[in-house]
Structure formats: structure tokens, C-alpha cells
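Okay, query.cif is below, mmCIF, C-alpha atoms and all ligand atoms:
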```cif
data_my_file
loop_
_atom_site.label_atom_id
_atom_site.label_comp_id
_atom_site.auth_asym_id
_atom_site.auth_seq_id
_atom_site.Cartn_x
_atom_site.Cartn_y
_atom_site.Cartn_z
CA MET A 185 174.07 164.11 -43.83
CA SER A 186 177.50 163.90 -42.31
CA THR A 187 178.07 161.85 -39.18
CA GLU A 188 178.93 165.07 -37.38
CA ASN A 189 175.65 166.70 -38.36
CA ARG A 190 173.68 163.64 -37.34
CA ASP A 191 175.36 163.61 -33.94
CA ASP A 192 174.49 167.28 -33.49
CA LEU A 193 170.88 166.54 -34.34
CA ILE A 194 170.67 163.68 -31.88
CA GLN A 195 172.27 165.88 -29.27
CA ALA A 196 169.75 168.70 -29.93
CA LYS A 197 166.84 166.27 -29.77
CA ARG A 198 168.04 164.94 -26.44
CA GLN A 199 168.31 168.46 -25.07
CA LEU A 200 164.85 169.30 -26.31
CA ASN A 201 163.43 166.19 -24.64
CA ASN A 202 165.11 167.18 -21.41
CA VAL A 203 163.66 170.66 -21.61
CA LEU A 204 160.19 169.26 -22.35
CA ARG A 205 160.43 166.85 -19.43
CA GLU A 206 161.54 169.63 -17.10
CA CYS A 207 158.66 171.78 -18.34
CA HIS A 208 156.21 168.97 -17.68
CA GLU A 209 157.58 168.39 -14.18
CA LYS A 210 157.32 172.11 -13.41
CA GLU A 211 153.78 172.12 -14.73
CA VAL A 212 152.80 169.18 -12.50
CA PHE A 213 154.52 170.83 -9.54
CA ASN A 214 152.82 174.19 -10.13
CA PHE A 215 149.46 172.54 -10.62
CA ALA A 216 149.78 170.64 -7.31
CA LEU A 217 150.89 173.83 -5.57
CA PHE A 218 147.88 175.69 -6.98
CA GLN A 219 145.28 172.99 -6.56
CA HIS A 220 146.17 171.90 -3.02
CA ASN A 221 147.11 175.27 -1.61
CA PRO A 222 145.13 175.88 1.60
CA SER A 223 144.48 179.48 0.50
CA ALA A 224 141.51 180.00 -1.82
CA ILE A 225 143.00 180.90 -5.22
CA THR A 226 141.13 182.22 -8.25
CA VAL A 227 142.80 183.18 -11.52
CA VAL A 228 141.12 185.97 -13.46
CA ASP A 229 141.85 187.39 -16.93
CA LYS A 230 142.57 191.05 -17.65
CA ASP A 231 138.81 191.80 -17.58
CA GLY A 232 138.54 190.31 -14.09
CA LYS A 233 136.69 187.23 -15.34
CA VAL A 234 137.21 183.85 -13.69
CA VAL A 235 139.59 181.56 -15.58
CA LYS A 236 140.14 178.90 -12.97
CA SER A 237 140.06 178.26 -9.23
CA ASN A 238 141.66 175.81 -6.83
CA LEU A 239 140.10 173.23 -4.49
CA ALA A 240 140.17 175.49 -1.42
CA ARG A 241 138.27 178.20 -3.30
CA ARG A 242 135.71 175.77 -4.68
CA HIS A 243 135.17 174.24 -1.22
CA ALA A 244 134.87 177.62 0.51
CA HIS A 245 131.52 178.45 2.18
CA ASP A 246 130.62 181.14 -0.38
CA PRO A 247 129.88 180.38 -4.04
CA LEU A 248 132.32 181.38 -6.78
CA PRO A 249 131.06 183.01 -10.01
CA GLU A 250 131.08 180.55 -12.91
CA LEU A 251 134.01 180.41 -15.36
CA GLY A 252 133.92 183.43 -17.64
CA HIS A 253 131.92 185.53 -15.18
CA THR A 254 133.31 188.60 -13.39
CA LEU A 255 134.84 187.75 -10.00
CA PHE A 256 134.04 190.95 -8.07
CA SER A 257 130.81 192.00 -9.70
CA GLY A 258 128.53 192.68 -6.72
CA GLU A 259 127.71 195.81 -4.76
CA SER A 260 129.02 194.47 -1.44
CA GLU A 261 131.79 196.39 0.35
CA CYS A 262 134.21 193.52 -0.39
CA ASP A 263 133.41 193.48 -4.11
CA VAL A 264 133.71 197.24 -4.42
CA ILE A 265 137.11 197.33 -2.66
CA MET A 266 138.49 194.35 -4.54
CA LYS A 267 137.30 195.54 -7.95
CA SER A 268 139.26 198.75 -7.49
CA GLU A 269 142.33 196.89 -6.14
CA LEU A 270 142.25 194.57 -9.17
CA LYS A 271 142.26 197.59 -11.47
CA LYS A 272 145.32 199.02 -9.70
CA VAL A 273 147.19 195.72 -9.96
CA LEU A 274 146.54 195.54 -13.70
CA ALA A 275 147.49 199.17 -14.24
CA GLN A 276 150.69 199.09 -12.17
CA ASN A 277 151.63 195.45 -12.77
CA THR A 278 152.65 195.03 -9.11
CA VAL A 279 151.56 192.69 -6.31
CA ARG A 280 149.07 194.14 -3.83
CA GLU A 281 148.10 192.95 -0.34
CA VAL A 282 144.72 193.89 1.06
CA SER A 283 143.88 192.80 4.60
CA ASP A 284 140.82 192.95 6.87
CA VAL A 285 138.28 192.77 4.06
CA ARG A 286 134.90 191.78 5.52
CA ALA A 287 132.30 189.72 3.67
CA GLY A 288 129.48 187.49 4.87
CA GLY A 289 130.64 187.46 8.50
CA HIS A 290 134.21 186.48 7.52
CA ILE A 291 137.41 188.50 7.47
CA TYR A 292 139.83 187.96 4.59
CA ALA A 293 143.35 188.90 3.56
CA PHE A 294 143.86 189.10 -0.22
CA THR A 295 147.03 188.95 -2.26
CA LEU A 296 146.70 190.02 -5.89
CA ALA A 297 149.58 188.93 -8.11
CA PRO A 298 149.65 189.98 -11.78
CA PHE A 299 150.93 187.65 -14.52
CA ALA A 300 150.99 187.76 -18.33
CA HIS A 301 147.28 187.02 -18.87
CA GLY A 302 145.61 188.45 -15.80
CA VAL A 303 145.78 188.29 -12.01
CA ILE A 304 146.09 185.50 -9.43
CA VAL A 305 143.72 186.30 -6.55
CA ILE A 306 144.80 184.56 -3.31
CA ARG A 307 142.32 184.78 -0.45
CA GLN A 308 143.00 183.76 3.18
CA ASP A 309 140.25 183.47 5.77
CA ILE A 310 141.69 185.24 8.84
CA THR A 311 138.44 185.35 10.84
CA GLU A 312 139.65 182.97 13.58
CA HIS A 313 143.04 184.64 13.77
CA LYS A 314 141.39 188.05 14.23
CA ARG A 315 139.05 186.68 16.88
CA ALA A 316 141.91 185.11 18.84
CA GLU A 317 143.84 188.38 18.61
CA ALA A 318 140.86 190.33 19.94
CA GLN A 319 140.41 187.84 22.78
CA LEU A 320 144.03 188.15 23.80
CA VAL A 321 143.80 191.93 23.87
CA GLN A 322 140.60 191.64 25.90
CA ALA A 323 142.24 189.24 28.37
CA GLN A 324 145.21 191.59 28.80
CA LYS A 325 142.87 194.53 29.33
CA LEU A 326 140.90 192.58 31.93
CA ALA A 327 144.08 191.59 33.77
CA ALA A 328 145.22 195.21 33.85
CA LEU A 329 141.74 196.28 34.92
CA GLY A 330 141.79 193.68 37.71
CA THR A 331 144.99 195.11 39.15
CA LEU A 332 143.65 198.64 38.90
CA VAL A 333 140.33 197.66 40.43
CA SER A 334 141.89 195.93 43.42
CA GLY A 335 144.06 198.99 44.07
CA VAL A 336 141.09 201.35 43.87
CA ALA A 337 138.91 199.04 45.97
CA HIS A 338 141.55 199.01 48.68
CA GLU A 339 141.95 202.80 48.60
CA VAL A 340 138.20 203.34 48.80
CA SER A 341 137.47 200.78 51.47
CA ASN A 342 139.58 202.39 54.23
CA PRO A 343 138.03 205.88 54.15
CA ASN A 344 134.63 204.33 53.59
CA ASN A 345 135.00 202.25 56.75
CA VAL A 346 135.79 205.46 58.63
CA MET A 347 132.55 206.94 57.27
CA LEU A 348 130.50 203.86 58.16
CA LEU A 349 131.76 203.88 61.70
CA GLY A 350 131.38 207.65 62.06
CA LEU A 351 127.86 207.70 60.64
CA LYS A 352 126.75 204.88 62.89
CA THR A 353 127.93 206.83 65.94
CA LEU A 354 126.53 210.08 64.53
CA ARG A 355 123.09 208.50 64.20
CA ARG A 356 123.08 207.60 67.89
CA VAL A 357 124.40 211.04 68.83
CA VAL A 358 121.59 212.67 66.82
CA ASP A 359 118.99 210.51 68.58
CA ASP A 360 120.34 211.66 71.94
CA LEU A 361 120.76 215.30 70.92
CA LEU A 362 117.30 215.88 69.45
CA PRO A 363 115.43 215.91 72.80
CA VAL A 364 118.01 218.34 74.20
CA LEU A 365 117.62 220.67 71.20
CA ASP A 366 113.81 220.32 71.38
CA ALA A 367 113.91 221.47 75.00
CA HIS A 368 116.11 224.40 74.06
CA ARG A 369 113.63 225.42 71.30
CA GLU A 370 110.72 225.29 73.81
CA GLN A 371 112.55 227.64 76.10
CA ALA A 372 114.31 230.02 73.71
CA GLY A 373 112.21 229.72 70.52
CA ASP A 374 113.30 228.48 67.11
CA PHE A 375 116.94 229.05 66.16
CA GLU A 376 119.16 228.82 63.09
CA VAL A 377 121.19 225.67 62.39
CA GLY A 378 123.33 225.28 59.28
CA ILE A 379 121.14 226.44 56.42
CA GLY A 380 117.80 227.13 58.05
CA PRO A 381 115.58 227.12 61.13
CA TYR A 382 115.94 224.17 63.51
CA SER A 383 112.22 223.33 63.29
CA GLU A 384 112.56 222.50 59.57
CA PHE A 385 115.82 220.72 59.95
CA ARG A 386 114.67 218.59 62.87
CA GLU A 387 112.50 216.20 60.83
CA GLU A 388 115.09 215.72 58.10
CA LEU A 389 118.14 215.21 60.26
CA PRO A 390 117.73 211.51 61.21
CA GLU A 391 116.82 210.54 57.64
CA MET A 392 119.76 212.53 56.32
CA VAL A 393 122.20 210.62 58.50
CA ASP A 394 120.46 207.33 57.66
CA SER A 395 120.69 207.84 53.93
CA CYS A 396 124.39 208.74 54.24
CA TYR A 397 124.87 205.51 56.17
CA ARG A 398 123.01 203.48 53.51
CA ALA A 399 125.12 205.09 50.77
CA ALA A 400 128.31 204.18 52.60
CA GLU A 401 127.00 200.64 53.03
CA ARG A 402 126.38 200.49 49.31
CA ILE A 403 129.95 201.59 48.60
CA ASN A 404 131.11 198.92 51.02
CA ARG A 405 129.18 196.24 49.11
CA LEU A 406 130.60 197.37 45.81
CA VAL A 407 134.12 197.46 47.16
CA THR A 408 133.77 193.97 48.65
CA ASP A 409 132.54 192.63 45.30
CA LEU A 410 135.27 194.46 43.43
CA LYS A 411 137.90 192.93 45.67
CA GLY A 412 136.41 189.51 44.93
CA TYR A 413 136.49 190.36 41.25
CA ALA A 414 140.12 191.31 41.30
CA ARG A 415 141.05 188.37 43.51
CA LYS A 416 139.34 185.73 41.34
CA ASP A 417 141.93 183.09 41.86
CA GLU A 418 144.86 184.36 43.80
CA GLY A 419 146.99 181.32 43.33
CA GLU A 420 145.30 179.42 46.18
CA ALA A 421 146.36 175.82 46.31
CA HIS A 422 144.19 173.51 44.23
CA VAL A 423 143.53 170.36 46.19
CA PRO A 424 140.90 167.61 46.02
CA PHE A 425 137.78 168.38 48.05
CA ASP A 426 134.25 167.13 48.57
CA ILE A 427 131.69 169.27 46.78
CA ASN A 428 128.84 168.31 49.14
CA THR A 429 130.73 169.73 52.11
CA VAL A 430 131.24 172.99 50.26
CA VAL A 431 127.59 173.20 49.15
CA GLN A 432 126.48 172.51 52.72
CA SER A 433 128.77 175.20 54.15
CA ALA A 434 127.58 177.75 51.55
CA ALA A 435 123.97 176.95 52.49
CA ASP A 436 124.84 177.37 56.19
CA LEU A 437 126.52 180.72 55.61
CA MET A 438 123.48 181.89 53.63
CA GLY A 439 121.05 180.38 56.17
CA SER A 440 119.39 183.56 57.41
CA THR A 441 119.14 185.08 53.91
CA ILE A 442 117.56 181.88 52.61
CA ARG A 443 115.07 181.73 55.47
CA LYS A 444 114.01 185.33 54.80
CA ALA A 445 113.53 184.57 51.09
CA THR A 446 111.69 181.25 51.14
CA HIS A 447 109.92 178.65 53.29
CA ASN A 448 110.78 176.05 50.65
CA PHE A 449 114.49 175.42 50.53
CA ILE A 450 115.65 171.96 49.55
CA LEU A 451 119.22 170.73 49.64
CA ASP A 452 119.63 167.44 47.83
CA CYS A 453 123.17 166.08 47.90
CA ALA A 454 124.00 162.97 45.89
CA ASP A 455 125.95 160.19 47.58
CA ASP A 456 129.20 158.82 46.31
CA LEU A 457 130.43 161.88 44.45
CA PRO A 458 134.05 161.77 43.37
CA PRO A 459 136.13 164.65 44.75
CA VAL A 460 136.75 167.70 42.61
CA HIS A 461 140.04 169.50 42.38
CA GLY A 462 140.43 173.18 43.17
CA ALA A 463 140.13 175.94 45.72
CA ALA A 464 137.17 175.00 47.91
CA ARG A 465 136.67 178.57 49.17
CA ARG A 466 136.38 179.93 45.63
CA ILE A 467 133.78 177.32 44.74
CA GLU A 468 131.95 178.16 47.95
CA GLN A 469 131.95 181.80 46.81
CA VAL A 470 130.33 180.74 43.51
CA ILE A 471 127.58 178.81 45.29
CA ILE A 472 126.97 181.73 47.67
CA ASN A 473 126.61 184.05 44.66
CA LEU A 474 124.14 181.68 42.98
CA LEU A 475 122.16 181.24 46.19
CA SER A 476 121.99 184.96 46.81
CA ASN A 477 120.71 185.55 43.24
CA ALA A 478 118.10 182.82 43.72
CA CYS A 479 116.95 184.43 46.99
CA GLN A 480 116.74 187.87 45.35
CA ALA A 481 114.74 186.40 42.45
CA LEU A 482 111.90 185.18 44.69
CA PRO A 483 109.13 187.75 45.03
CA ARG A 484 107.41 185.90 47.90
CA GLN A 485 108.37 183.41 50.60
CA ASP A 486 106.24 180.66 49.06
CA GLY A 487 108.73 180.44 46.17
CA HIS A 488 111.13 177.48 45.94
CA ILE A 489 114.89 177.11 45.87
CA THR A 490 116.45 173.72 45.27
CA VAL A 491 120.16 173.02 45.40
CA SER A 492 121.31 169.60 44.25
CA THR A 493 124.55 167.84 43.44
CA ALA A 494 125.04 165.04 40.95
CA TYR A 495 127.70 163.09 39.10
CA ASN A 496 127.72 162.65 35.34
CA ARG A 497 129.76 159.48 35.01
CA ALA A 498 130.06 159.57 31.22
CA ALA A 499 131.37 163.14 31.16
CA LYS A 500 133.32 162.68 34.44
CA GLU A 501 131.74 165.86 35.73
CA VAL A 502 130.29 166.88 39.05
CA HIS A 503 127.24 169.15 38.82
CA VAL A 504 125.83 171.62 41.32
CA ARG A 505 122.37 172.88 40.36
CA VAL A 506 120.75 175.93 41.89
CA GLN A 507 117.15 176.25 40.82
CA ASP A 508 114.51 178.81 41.75
CA ASP A 509 111.02 179.58 40.54
CA GLY A 510 111.44 183.33 40.83
CA VAL A 511 111.24 186.16 38.33
CA GLY A 512 113.40 184.37 35.77
CA ILE A 513 115.92 185.72 33.28
CA PRO A 514 114.56 187.24 30.06
CA PRO A 515 116.05 185.50 26.98
CA GLU A 516 117.69 188.71 25.77
CA ALA A 517 119.53 189.09 29.11
CA LEU A 518 120.88 185.50 29.19
CA SER A 519 123.96 186.34 27.12
CA GLN A 520 124.79 189.38 29.28
CA ILE A 521 124.32 188.25 32.87
CA THR A 522 127.96 187.20 33.31
CA ASP A 523 129.28 190.52 31.96
CA PRO A 524 130.95 192.56 34.69
CA PHE A 525 128.56 195.22 36.07
CA PHE A 526 125.50 193.84 34.28
CA THR A 527 122.69 194.08 36.80
CA THR A 528 118.93 194.50 36.78
CA LYS A 529 119.04 195.37 40.48
CA HIS A 530 120.16 199.01 40.35
CA ASP A 531 117.39 199.98 42.78
CA THR A 532 118.41 197.46 45.40
CA GLY A 533 122.15 198.00 45.15
CA GLY A 534 123.13 195.18 42.79
CA THR A 535 126.73 195.41 41.61
CA GLY A 536 126.52 193.03 38.66
CA LEU A 537 129.77 191.37 39.68
CA GLY A 538 128.53 188.14 41.29
CA LEU A 539 128.12 186.09 38.12
CA SER A 540 131.11 187.63 36.40
CA ILE A 541 133.34 186.53 39.30
CA SER A 542 131.59 183.16 39.46
CA ARG A 543 132.16 182.43 35.81
CA GLN A 544 135.84 183.32 36.07
CA ILE A 545 136.19 180.96 39.02
CA ALA A 546 134.41 178.16 37.15
CA ASP A 547 136.71 178.76 34.15
CA ASN A 548 139.79 178.66 36.38
CA HIS A 549 138.67 175.24 37.58
CA GLY A 550 138.20 173.91 34.06
CA GLY A 551 134.46 173.97 34.68
CA ALA A 552 131.51 175.98 33.42
CA LEU A 553 128.39 177.85 34.49
CA VAL A 554 125.28 177.18 32.42
CA PHE A 555 122.10 179.23 32.75
CA SER A 556 118.62 178.43 31.64
CA SER A 557 115.31 180.11 32.22
CA ALA A 558 112.48 178.47 30.35
CA GLY A 559 109.95 181.00 29.13
CA GLY A 560 111.54 183.57 31.44
CA ARG A 561 110.06 181.80 34.53
CA GLY A 562 112.46 180.79 37.27
CA ALA A 563 116.11 180.09 36.69
CA LEU A 564 118.36 177.04 36.73
CA VAL A 565 122.09 177.54 37.06
CA THR A 566 124.38 174.54 36.73
CA LEU A 567 127.97 174.68 37.91
CA THR A 568 129.97 171.94 36.21
CA LEU A 569 133.35 170.85 37.53
CA PRO A 570 135.63 168.12 36.25
CA ALA A 571 135.80 165.17 38.66
CA THR A 572 139.17 163.90 39.77
CA SER A 573 139.67 160.41 38.48
CA HIS A 574 139.87 158.50 41.76
CA GLU A 575 137.84 155.72 40.22
CA GLU A 576 140.35 154.89 37.60
CA PRO A 577 142.55 151.91 38.33
CA HIS A 578 146.09 152.84 39.23
CA ALA A 579 148.53 152.41 36.43
N1 LIG B 1 118.31 183.29 39.74
C1 LIG B 1 118.12 184.39 38.96
N2 LIG B 1 116.87 184.76 38.57
C2 LIG B 1 116.68 185.85 37.81
N3 LIG B 1 117.67 186.67 37.36
C3 LIG B 1 118.93 186.37 37.72
C4 LIG B 1 119.23 185.22 38.52
N4 LIG B 1 120.57 185.18 38.69
C5 LIG B 1 121.06 186.23 38.03
N5 LIG B 1 120.09 186.96 37.43
C6 LIG B 1 120.27 188.17 36.61
O1 LIG B 1 121.66 188.36 36.36
C7 LIG B 1 122.07 189.66 36.78
C8 LIG B 1 123.52 189.62 37.21
O2 LIG B 1 123.69 188.87 38.39
P1 LIG B 1 124.94 189.15 39.31
O3 LIG B 1 126.17 189.11 38.47
O4 LIG B 1 124.89 188.22 40.47
O5 LIG B 1 124.77 190.67 39.77
P2 LIG B 1 123.71 191.29 40.80
O6 LIG B 1 123.10 190.15 41.57
O7 LIG B 1 124.52 192.20 41.64
O8 LIG B 1 122.71 192.01 39.95
C9 LIG B 1 121.08 190.03 37.85
O9 LIG B 1 120.97 191.44 38.01
C10 LIG B 1 119.78 189.42 37.32
O10 LIG B 1 119.21 190.24 36.34
MG MG B 2 124.22 188.62 42.46
#
```

Hey, can you dump this file as C-alpha cells for me?
Ligand SMILES: Nc1ncnc2c1ncn2[C@@H]1O[C@H](COP(=O)(O)OP(=O)(O)O)[C@@H](O)[C@H]1O
Ligand SMILES: [Mg+2]
Amino acid sequence: MSTENRDDLIQAKRQLNNVLRECHEKEVFNFALFQHNPSAITVVDKDGKVVKSNLARRHAHDPLPELGHTLFSGESECDVIMKSELKKVLAQNTVREVSDVRAGGHIYAFTLAPFAHGVIVIRQDITEHKRAEAQLVQAQKLAALGTLVSGVAHEVSNPNNVMLLGLKTLRRVVDDLLPVLDAHREQAGDFEVGIGPYSEFREELPEMVDSCYRAAERINRLVTDLKGYARKDEGEAHVPFDINTVVQSAADLMGSTIRKATHNFILDCADDLPPVHGAARRIEQVIINLLSNACQALPRQDGHITVSTAYNRAAKEVHVRVQDDGVGIPPEALSQITDPFFTTKHDTGGTGLGLSISRQIADNHGGALVFSSAGGRGALVTLTLPATSHEEPHA
């Protein structure tokens, strides 16, 4: 072999080694990319059978068919959709994206990428993303609804106040007029009023005016609650305040309602509570709502209502508990009672807005409202608010 030929050979060998090394590096790179990819990846052959899978797929909550078994073999909606998508990818040799595929309470987005020996199936769990998206839409809808509601409430409340005032006067006028009309009937005999004889109308008239007045009062209640709902937290200043003072003032404001509902009202305020931070009047509104629900839950005056305050040092939270031993909340209603307009008091004019407003206010204060009703007897509502850290040493 000539020196020239030998040099060529050495040169070719060197090049080959370089190519092999590059191939190996690419292989290691691709393997790492596949194995540690956060998306769940499964590689299937042209028959849709599992060839390999990455860590994310193997650690996913749902089991993967064993190697050599068909990936989408079931009858579930997901399997049926994906089986047909896989077929299309193989037939057309193009990448396909399939989103919003539901399976086992999860929502997935799939990417199917064909290669020489089959298809790479990339699955992303987009459940949380979808949930967050839905929540945002819901929040925007509620904000828009709030604005609309406050506008409508305002528009309704003015004419309704005119009716309330008018009906109140009308009721007194009717009381004064009836004897005059009675006298007239004695003298001149029965006569026609409106749609029939006076004698028939006479008995109904006071009740008619009364029920109109009660209806207007009901509208007034709804409008007041709706205004509270829309107001929620109208950018009032958040300042430190003493929760016991607020609880006491709510109990004072509700005094006559409480006395009508129960002979057994206990207010138990803990000493030495750290202040909480927020809009005291909003928190007072929450406690009034809870107290009024407790009063309405008691069927008889020998029922009990206990309001207490406490400090959870470990959690740095101030608690206000409102407990009654009234009708209780059925377990199936527990998840709904803070929904706007959810009420079991249709007959007595409940608006179903009290707890919805209260929860929003608690949320706005970084707090929470927790409900419990053991065995559907009585109810305990706990308002939790973060304590301001006045105890901490100054930095
Ligand atoms: N202390 C309680 N005991 C029993 N049920 C309650 C209590 N508090 C609330 N609820 C239930 O939650 C529902 C919603 O309460 P709320 O939002 O204040 O509206 P409303 O009082 O106008 O019905 C009530 O209709 C009632 O069914
Ligand atoms: Mg209520």
C-alpha cells in the first residue's frame, strides 16, 4: 500500500470515528430529551403497539399497556378517538394535534408524530390549565354580573320605594274610607266598584293592599341584598381593627331579632386577640348575615345561639364561630349554600345572597368561611381571618 493510500485510509477512519461519536452524542441527547420530557411520551409501532415509553408516561396516574400491547385498545371515548387519529397519522404521514380529550377525570392534549417505524404519541395533562381558564371566565362573568346587578338594583329601588310609601298611605286611607263607604251602602244600597259589587270587594280590599305592601317589602329586601352583593368590597380602606368590637356591634344591631329567636344567646369573646386587618363594616356584615341565618334556623325560642371568638396562635388566625342548634344544613346542601341565590327559604322571602356575599368578603380579607352541620342537626359557621402580626418583634 502506498503512503498516499495509507494516509487516505487513516483519514477515512478518523472521519468515521467522528461520525460515530456524533451519532452517539445525538443518541444520548435524544434519549435524555425523550426520557426526561415532562410530557408523557409513548412510542408505538405501525400496528399501534407499545414499543417504549418515557418516565413521565410510566409515572402517570393511569396504567400503560405492557410492551407489545395495543396502546388505544379500550372502548372508552378517549381510546376510540385516539385509535382513529392514529390511523389517520399513519395513512397521511403527517403530525396531528388533538386537544380536550377526556379520560378518567383528566383532560389531555395529544400530539401524534409519525416516524419511520410508527408514531410518537405525546400526551399533556391540561386539566389544571382548563380549570384555571374556566375559573377566570367565571370570575369575569361574575364581575360583569356585579356591575349589571348594582345598576338594576338601583333602578328598581327608587320606584319600589315610591310604591312602599304609597301603599303604606293607601292602607291608612282604606281604613278611614271603609266606614264612610259602609254608611253609603246602608243608605243607598250596594253599588259597583271596579270589577264588582262593593259588598264583595269590601272584605278583600285591606288584604289586597297589605299583600301589595308585603310584595314591595320583599322586593326591597332583595334589592338591598343585591346592592350588598354588588358592593362586596368597594375599595374601603383596610385597616387594623379589633374583632371583638365588631362582633359586639353586630350582636347589638341584631339584638331585637336575636331576642325574638332565642332566650339562650351567648356571646363569648376571647381576651387578648391580635387585631385583624380589613374593612370592619364588611366583617360586621358577615357576622350579621351569620347571626340572621342562625336566628332563622331556630324553630323555637328555647334553641341556642353561641357566638365566640378565639385566636389560633399556630396558624396566626382569628376565629369567629357562630353556632346554633336549629334545623341544620343537610349534607347535600353544604356545597351549595354559598352559591348566589341558593336558598331554602323561598316561603319566607330568603334571597340566598347572604352567604354568597359573606364568602366573597371573607375571601377578600384572605380569610375563609367554614360550615359544618353534624348529622344535619344545628350548624356551626367559622369565619377565619388572618391576624396581623403585632406580636412579632420589630425587625
Ligand atoms: N345556621 C343555618 N342553619 C341551617 N341552614 C342554614 C344556616 N345558614 C345557612 N343555611 C342554609 O343556607 C341557605 C343560604 O343562606 P343565605 O345565603 O344566608 O340565604 P338566605 O338566608 O336568604 O336563604 C339558607 O337558605 C339555608 O338553607
Ligand atoms: Mg341569610

Query - Spatial neighbours of range 489-494 of chain A, max dist 7 Å, only C-alpha atoms, sep filter under 4 positions, as a PyMOL selection string - result: chain A and resi 448-454+478+502-508

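From CA of Thr408 in chain A back to atom O5 of ligand LIG 1 (chain B), the distance works out to 13.1 Å.
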
Query - Given 8 Å and all atoms listed in the file, residues near ligand LIG 1 (chain B) as an MDAnalysis selection string - result: chainID A and resid 473:482 507:508 510:514 517:518 520:530 533:541 562:565

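Within the 8 Å cut-off around range 395-398 of chain A, using all atoms listed in the file and omitting residues fewer than 5 positions from it on the same chain, the listed residues are Met347, Leu348, Leu351 and Lys352 of chain A.
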
Query raised in the report: Between A:Asn428, A:Asp409, A:Ala571, A:Ala337, which one has atoms that come closest to ligand MG 2 (chain B), using only C-alpha atoms and all ligand atoms?
Result: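 Of the candidates, the smallest distance to ligand MG 2 (chain B) is held by A:Asp409.
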
Requested in this report: Just give me the residues with any atom within 8 Å of (142.2, 191.3, 2.6), file coordinates, counting all atoms listed in the file, written as a list in words.
Outcome: Glu281, Val282, Ser283, Asp284, Val285, Arg286, Ile291, Tyr292, Ala293, Phe294, Thr295, Arg307 and Gln308 of chain A

Query - Nearest candidate to Thr331 in chain A (options A:Leu410, A:His313, A:Arg280, A:Met266; using all atoms listed in the file) - result: A:Leu410

Query raised in the report: In file coordinates, which residues lie within 12 Å of (102.9, 174.7, 44.1) using all atoms listed in the file, given as a list in words?
Result: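 Counting all atoms listed in the file, I find these residues within 12 Å of (102.9, 174.7, 44.1): Asn448, Asp486, Gly487, His488 and Asp509 of chain A.
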
Would you mind exporting C-alpha atoms of the selected residues as a compact mmCIF listing (two decimals), in the coordinates of the input?
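The result, stored in again14.txt:
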```txt
# COMPACT_ATOMS: atom_id res chain seq x y z
CA ASN A 448 110.78 176.05 50.65
CA ASP A 486 106.24 180.66 49.06
CA GLY A 487 108.73 180.44 46.17
CA HIS A 488 111.13 177.48 45.94
CA ASP A 509 111.02 179.58 40.54
```

Report summary line: Using all atoms listed in the file, the best pick from A:Ile225, A:Leu406, A:Met185, A:Ala240 as closest to ligand MG 2 (chain B) would be A:Leu406

**Report entry** Residue among A:Leu389, A:Ala421, A:Leu270, A:Val279 lying closest to Arg465 in chain A, counting only C-alpha atoms
**Finding:** A:Ala421

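Minimum atom-to-atom distance to ligand MG 2 (chain B), evaluated using all atoms listed in the file, belongs to A:Ile472 out of A:Ile472, A:Ala546, A:Val554, A:Leu248.
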
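As for CA of Cys207 in chain A and CA of Glu188 in chain A, they are spaced 28.6 Å apart.
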
Query - Residue nearest Val364 in chain A among A:Glu401, A:Asn548, A:Arg386, A:Asp191 (counting only C-alpha atoms) - result: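 Going through A:Glu401, A:Asn548, A:Arg386, A:Asp191 one by one, the smallest distance to Val364 in chain A is for A:Arg386.
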
Report summary line: Taken to one decimal, the CA of Val470 in chain A-CA of Gln544 in chain A distance is 9.6 Å

Report task. Do a neighbour search on Val303 in chain A at 7 Å with all atoms listed in the file, toss out local chain neighbours closer than 5 positions, and write the hits as number ranges by chain. Result -> A: 227-229, 296-298

Kindly export the residues of the current selection with C-alpha atoms, as a CSV table (one decimal), in the coordinates of the input.
```csv
chain,number,residue,atom,x,y,z
A,227,VAL,CA,142.8,183.2,-11.5
A,228,VAL,CA,141.1,186.0,-13.5
A,229,ASP,CA,141.8,187.4,-16.9
A,296,LEU,CA,146.7,190.0,-5.9
A,297,ALA,CA,149.6,188.9,-8.1
A,298,PRO,CA,149.6,190.0,-11.8
```

Limit the output to C-alpha atoms and give range 239-269 of chain A as a PDB file, in the first residue's frame.
```pdb
ATOM      1  CA  LEU A 239     -40.582   8.362  32.675  1.00  0.00           C
ATOM      2  CA  ALA A 240     -43.475  10.849  32.700  1.00  0.00           C
ATOM      3  CA  ARG A 241     -45.748   8.308  30.996  1.00  0.00           C
ATOM      4  CA  ARG A 242     -44.721   5.489  33.317  1.00  0.00           C
ATOM      5  CA  HIS A 243     -45.258   7.696  36.383  1.00  0.00           C
ATOM      6  CA  ALA A 244     -48.644   8.985  35.192  1.00  0.00           C
ATOM      7  CA  HIS A 245     -51.695   8.123  37.335  1.00  0.00           C
ATOM      8  CA  ASP A 246     -53.157   5.720  34.750  1.00  0.00           C
ATOM      9  CA  PRO A 247     -51.508   2.422  33.794  1.00  0.00           C
ATOM     10  CA  LEU A 248     -49.861   1.960  30.395  1.00  0.00           C
ATOM     11  CA  PRO A 249     -50.446  -1.238  28.362  1.00  0.00           C
ATOM     12  CA  GLU A 250     -47.425  -3.546  28.501  1.00  0.00           C
ATOM     13  CA  LEU A 251     -44.789  -3.515  25.743  1.00  0.00           C
ATOM     14  CA  GLY A 252     -46.174  -5.166  22.625  1.00  0.00           C
ATOM     15  CA  HIS A 253     -49.795  -4.491  23.590  1.00  0.00           C
ATOM     16  CA  THR A 254     -52.070  -2.087  21.702  1.00  0.00           C
ATOM     17  CA  LEU A 255     -51.999   1.449  23.150  1.00  0.00           C
ATOM     18  CA  PHE A 256     -55.587   2.545  22.458  1.00  0.00           C
ATOM     19  CA  SER A 257     -57.424  -0.743  22.706  1.00  0.00           C
ATOM     20  CA  GLY A 258     -60.332   0.084  25.029  1.00  0.00           C
ATOM     21  CA  GLU A 259     -63.898   1.194  24.407  1.00  0.00           C
ATOM     22  CA  SER A 260     -63.540   4.497  26.261  1.00  0.00           C
ATOM     23  CA  GLU A 261     -64.238   7.744  24.383  1.00  0.00           C
ATOM     24  CA  CYS A 262     -60.523   8.618  24.573  1.00  0.00           C
ATOM     25  CA  ASP A 263     -59.408   5.271  23.146  1.00  0.00           C
ATOM     26  CA  VAL A 264     -61.945   5.403  20.333  1.00  0.00           C
ATOM     27  CA  ILE A 265     -60.926   8.948  19.300  1.00  0.00           C
ATOM     28  CA  MET A 266     -57.204   8.271  19.552  1.00  0.00           C
ATOM     29  CA  LYS A 267     -57.354   4.956  17.686  1.00  0.00           C
ATOM     30  CA  SER A 268     -58.912   6.730  14.716  1.00  0.00           C
ATOM     31  CA  GLU A 269     -56.443   9.658  14.944  1.00  0.00           C
TER      32      GLU A 269
END
```
